[in-house]
Protein chains: 2
Amino acid sequence: MSTLLFDKTPWEVVKKGLKRKIIYTGNLMNVLIEFSDGPWDHPEPYHSHPHEQTSYIAEGEILFFYDDEKEQHLRKGDMFAVPSGIKHTIQLLTREARLVDSFTPLREEFLKK
Amino acid sequence: MSTLLFDKTPWEVVKKGLKRKIIYTGNLMNVLIEFSDGPWDHPEPYHSHPHEQTSYIAEGEILFFYDDEKEQHLRKGDMFAVPSGIKHTIQLLTREARLVDSFTPLREEFLKK
């Protein structure tokens, strides 16, 4: 599949307030994520993964927490990058937000069995 | 550098009508690209690269040409994916467009010497 057409591709509902659409090649995955349960009082717990990650803020605003650095306020057009194994998380500042997360290698656990 | 703040990061002007901002980790690169010289009468020539690519259409509309498939009209929210070595190109349909291109491994030639 070389394209993912937004209007023709159903959302995968991950949980209440979180849905996604995914496209990928052998070692590279793009995950279009929409949150709709913001704003949040607190960040999600820190997490980390061996996969490298880059993200683009397509809509909305978040706080981005990276390793032991001070959190940063990110808005539409901003990006962040997370090397393998570095703890990170976000906190939604707006009711809704759209992020485009890219990963290498693939987040195999995101693919339907 | 864990974040790229859009408002605080100058564009790199690649050529007239094409500018970009880049963030990356060891094997993963996000390239925020803005085109401002559309619409184009013709697509760019096909190109290919060993790097895998995924792209998100953040603004504007394009035609996406992939291998020998029929071109597809992509709009904001759509995505495309290109495995290593597959020829592809785009044609701008709007005056301006913003794409978020992700690559693995890094497009080393995009990094300043």
# chains A, B, ... in the order shown; residues from 1 in each chain; ligands from 1
$ calpha_fit_and_write --fixed "chain B" --moving "chain A" --output "PDB file with C-alpha atoms, in the first residue's frame"
ATOM      1  CA  MET A   1      18.407  18.470  20.127  1.00  0.00           C
ATOM      2  CA  SER A   2      15.132  16.937  21.219  1.00  0.00           C
ATOM      3  CA  THR A   3      12.794  19.538  19.712  1.00  0.00           C
ATOM      4  CA  LEU A   4      12.504  21.820  16.703  1.00  0.00           C
ATOM      5  CA  LEU A   5      10.395  24.876  17.485  1.00  0.00           C
ATOM      6  CA  PHE A   6       8.873  26.103  14.244  1.00  0.00           C
ATOM      7  CA  ASP A   7       8.848  29.801  15.146  1.00  0.00           C
ATOM      8  CA  LYS A   8      12.426  29.767  16.436  1.00  0.00           C
ATOM      9  CA  THR A   9      14.060  27.728  13.677  1.00  0.00           C
ATOM     10  CA  PRO A  10      15.014  29.453  10.425  1.00  0.00           C
ATOM     11  CA  TRP A  11      14.134  27.813   7.146  1.00  0.00           C
ATOM     12  CA  GLU A  12      16.875  26.309   5.052  1.00  0.00           C
ATOM     13  CA  VAL A  13      16.193  27.586   1.544  1.00  0.00           C
ATOM     14  CA  VAL A  14      16.957  24.727  -0.830  1.00  0.00           C
ATOM     15  CA  LYS A  15      15.985  26.650  -3.959  1.00  0.00           C
ATOM     16  CA  LYS A  16      13.377  29.154  -5.038  1.00  0.00           C
ATOM     17  CA  GLY A  17       9.998  27.871  -3.902  1.00  0.00           C
ATOM     18  CA  LEU A  18      11.419  25.117  -1.660  1.00  0.00           C
ATOM     19  CA  LYS A  19      12.521  25.407   1.954  1.00  0.00           C
ATOM     20  CA  ARG A  20      12.843  22.989   4.864  1.00  0.00           C
ATOM     21  CA  LYS A  21      13.504  22.417   8.567  1.00  0.00           C
ATOM     22  CA  ILE A  22      15.067  19.162   9.768  1.00  0.00           C
ATOM     23  CA  ILE A  23      15.197  17.153  12.992  1.00  0.00           C
ATOM     24  CA  TYR A  24      16.754  13.713  13.354  1.00  0.00           C
ATOM     25  CA  THR A  25      18.051  10.959  15.567  1.00  0.00           C
ATOM     26  CA  GLY A  26      20.659   8.364  14.627  1.00  0.00           C
ATOM     27  CA  ASN A  27      18.673   6.578  11.941  1.00  0.00           C
ATOM     28  CA  LEU A  28      15.486   8.616  11.559  1.00  0.00           C
ATOM     29  CA  MET A  29      14.996  12.042   9.991  1.00  0.00           C
ATOM     30  CA  ASN A  30      11.938  14.310   9.782  1.00  0.00           C
ATOM     31  CA  VAL A  31      12.043  16.932   7.051  1.00  0.00           C
ATOM     32  CA  LEU A  32       9.375  19.655   7.176  1.00  0.00           C
ATOM     33  CA  ILE A  33       9.131  20.940   3.610  1.00  0.00           C
ATOM     34  CA  GLU A  34       7.269  23.949   2.263  1.00  0.00           C
ATOM     35  CA  PHE A  35       6.685  24.513  -1.419  1.00  0.00           C
ATOM     36  CA  SER A  36       5.503  27.921  -2.605  1.00  0.00           C
ATOM     37  CA  ASP A  37       5.873  27.807  -6.382  1.00  0.00           C
ATOM     38  CA  GLY A  38       2.825  25.765  -7.289  1.00  0.00           C
ATOM     39  CA  PRO A  39       0.747  24.741  -8.968  1.00  0.00           C
ATOM     40  CA  TRP A  40       3.063  22.874 -11.342  1.00  0.00           C
ATOM     41  CA  ASP A  41       2.196  22.011 -14.924  1.00  0.00           C
ATOM     42  CA  HIS A  42       4.093  18.733 -14.708  1.00  0.00           C
ATOM     43  CA  PRO A  43       5.458  16.440 -12.020  1.00  0.00           C
ATOM     44  CA  GLU A  44       9.095  16.583 -11.036  1.00  0.00           C
ATOM     45  CA  PRO A  45      11.152  13.837 -12.712  1.00  0.00           C
ATOM     46  CA  TYR A  46      10.937  10.466 -10.984  1.00  0.00           C
ATOM     47  CA  HIS A  47      13.641   9.825  -8.421  1.00  0.00           C
ATOM     48  CA  SER A  48      14.543   7.020  -6.032  1.00  0.00           C
ATOM     49  CA  HIS A  49      16.862   6.513  -3.076  1.00  0.00           C
ATOM     50  CA  PRO A  50      17.913   3.610  -0.884  1.00  0.00           C
ATOM     51  CA  HIS A  51      16.265   5.331   2.104  1.00  0.00           C
ATOM     52  CA  GLU A  52      12.750   4.283   3.062  1.00  0.00           C
ATOM     53  CA  GLN A  53      10.332   7.215   3.170  1.00  0.00           C
ATOM     54  CA  THR A  54       6.955   8.024   4.692  1.00  0.00           C
ATOM     55  CA  SER A  55       5.253  11.374   4.167  1.00  0.00           C
ATOM     56  CA  TYR A  56       2.339  13.291   5.673  1.00  0.00           C
ATOM     57  CA  ILE A  57       0.513  15.991   3.705  1.00  0.00           C
ATOM     58  CA  ALA A  58       0.214  18.822   6.228  1.00  0.00           C
ATOM     59  CA  GLU A  59      -1.108  21.529   3.886  1.00  0.00           C
ATOM     60  CA  GLY A  60      -2.036  21.743   0.234  1.00  0.00           C
ATOM     61  CA  GLU A  61      -2.701  19.135  -2.419  1.00  0.00           C
ATOM     62  CA  ILE A  62      -0.403  17.072  -4.627  1.00  0.00           C
ATOM     63  CA  LEU A  63      -0.411  14.345  -7.189  1.00  0.00           C
ATOM     64  CA  PHE A  64       1.674  11.404  -5.989  1.00  0.00           C
ATOM     65  CA  PHE A  65       3.313   9.189  -8.594  1.00  0.00           C
ATOM     66  CA  TYR A  66       4.588   5.810  -7.376  1.00  0.00           C
ATOM     67  CA  ASP A  67       6.422   3.263  -9.493  1.00  0.00           C
ATOM     68  CA  ASP A  68       4.207   2.399 -12.459  1.00  0.00           C
ATOM     69  CA  GLU A  69       0.930   2.945 -10.604  1.00  0.00           C
ATOM     70  CA  LYS A  70      -1.662   5.523 -11.618  1.00  0.00           C
ATOM     71  CA  GLU A  71      -1.046   8.816  -9.861  1.00  0.00           C
ATOM     72  CA  GLN A  72      -3.119   9.625  -6.775  1.00  0.00           C
ATOM     73  CA  HIS A  73      -4.533  12.969  -5.630  1.00  0.00           C
ATOM     74  CA  LEU A  74      -3.463  13.546  -2.010  1.00  0.00           C
ATOM     75  CA  ARG A  75      -4.801  16.170   0.372  1.00  0.00           C
ATOM     76  CA  LYS A  76      -4.172  17.353   3.921  1.00  0.00           C
ATOM     77  CA  GLY A  77      -4.170  14.364   6.261  1.00  0.00           C
ATOM     78  CA  ASP A  78      -3.205  11.835   3.602  1.00  0.00           C
ATOM     79  CA  MET A  79       0.074   9.909   3.807  1.00  0.00           C
ATOM     80  CA  PHE A  80       2.288   7.946   1.460  1.00  0.00           C
ATOM     81  CA  ALA A  81       5.055   5.379   1.907  1.00  0.00           C
ATOM     82  CA  VAL A  82       7.989   4.522  -0.361  1.00  0.00           C
ATOM     83  CA  PRO A  83      10.184   1.451   0.196  1.00  0.00           C
ATOM     84  CA  SER A  84      13.870   1.539  -0.615  1.00  0.00           C
ATOM     85  CA  GLY A  85      14.647   2.067  -4.282  1.00  0.00           C
ATOM     86  CA  ILE A  86      11.122   2.592  -5.652  1.00  0.00           C
ATOM     87  CA  LYS A  87      10.796   5.486  -8.116  1.00  0.00           C
ATOM     88  CA  HIS A  88       8.340   8.201  -7.118  1.00  0.00           C
ATOM     89  CA  THR A  89       7.619  11.886  -7.530  1.00  0.00           C
ATOM     90  CA  ILE A  90       5.003  14.558  -6.868  1.00  0.00           C
ATOM     91  CA  GLN A  91       3.239  17.353  -8.681  1.00  0.00           C
ATOM     92  CA  LEU A  92       1.989  20.350  -6.723  1.00  0.00           C
ATOM     93  CA  LEU A  93      -1.699  21.145  -7.317  1.00  0.00           C
ATOM     94  CA  THR A  94      -1.911  24.160  -5.013  1.00  0.00           C
ATOM     95  CA  ARG A  95       0.198  27.280  -4.818  1.00  0.00           C
ATOM     96  CA  GLU A  96       1.649  26.211  -1.490  1.00  0.00           C
ATOM     97  CA  ALA A  97       2.041  22.870   0.211  1.00  0.00           C
ATOM     98  CA  ARG A  98       3.633  21.535   3.378  1.00  0.00           C
ATOM     99  CA  LEU A  99       4.874  17.953   3.621  1.00  0.00           C
ATOM    100  CA  VAL A 100       6.483  16.110   6.503  1.00  0.00           C
ATOM    101  CA  ASP A 101       8.901  13.587   4.991  1.00  0.00           C
ATOM    102  CA  SER A 102      10.431  10.915   7.208  1.00  0.00           C
ATOM    103  CA  PHE A 103      13.455   8.876   6.159  1.00  0.00           C
ATOM    104  CA  THR A 104      15.489   5.952   7.437  1.00  0.00           C
ATOM    105  CA  PRO A 105      18.420   5.884   7.324  1.00  0.00           C
ATOM    106  CA  LEU A 106      19.345   9.585   7.432  1.00  0.00           C
ATOM    107  CA  ARG A 107      19.526  11.556   4.177  1.00  0.00           C
ATOM    108  CA  GLU A 108      23.112  12.521   4.980  1.00  0.00           C
ATOM    109  CA  GLU A 109      23.200  14.828   1.951  1.00  0.00           C
ATOM    110  CA  PHE A 110      20.533  16.995   3.646  1.00  0.00           C
ATOM    111  CA  LEU A 111      22.794  17.736   6.611  1.00  0.00           C
ATOM    112  CA  LYS A 112      24.981  20.784   6.514  1.00  0.00           C
ATOM    113  CA  LYS A 113      28.668  20.062   6.256  1.00  0.00           C
TER     114      LYS A 113
END
$ select_by_dssp --residues "stretch 68-108 of chain A" --states "strand (DSSP E or B)" --output "PyMOL selection string"
chain A and resi 72-74+79-82+88-92+97-104
$ select_by_dssp --residues "chain B" --states "helix (DSSP H, G or I)" --output "PyMOL selection string"
chain B and resi 6-8+108-110
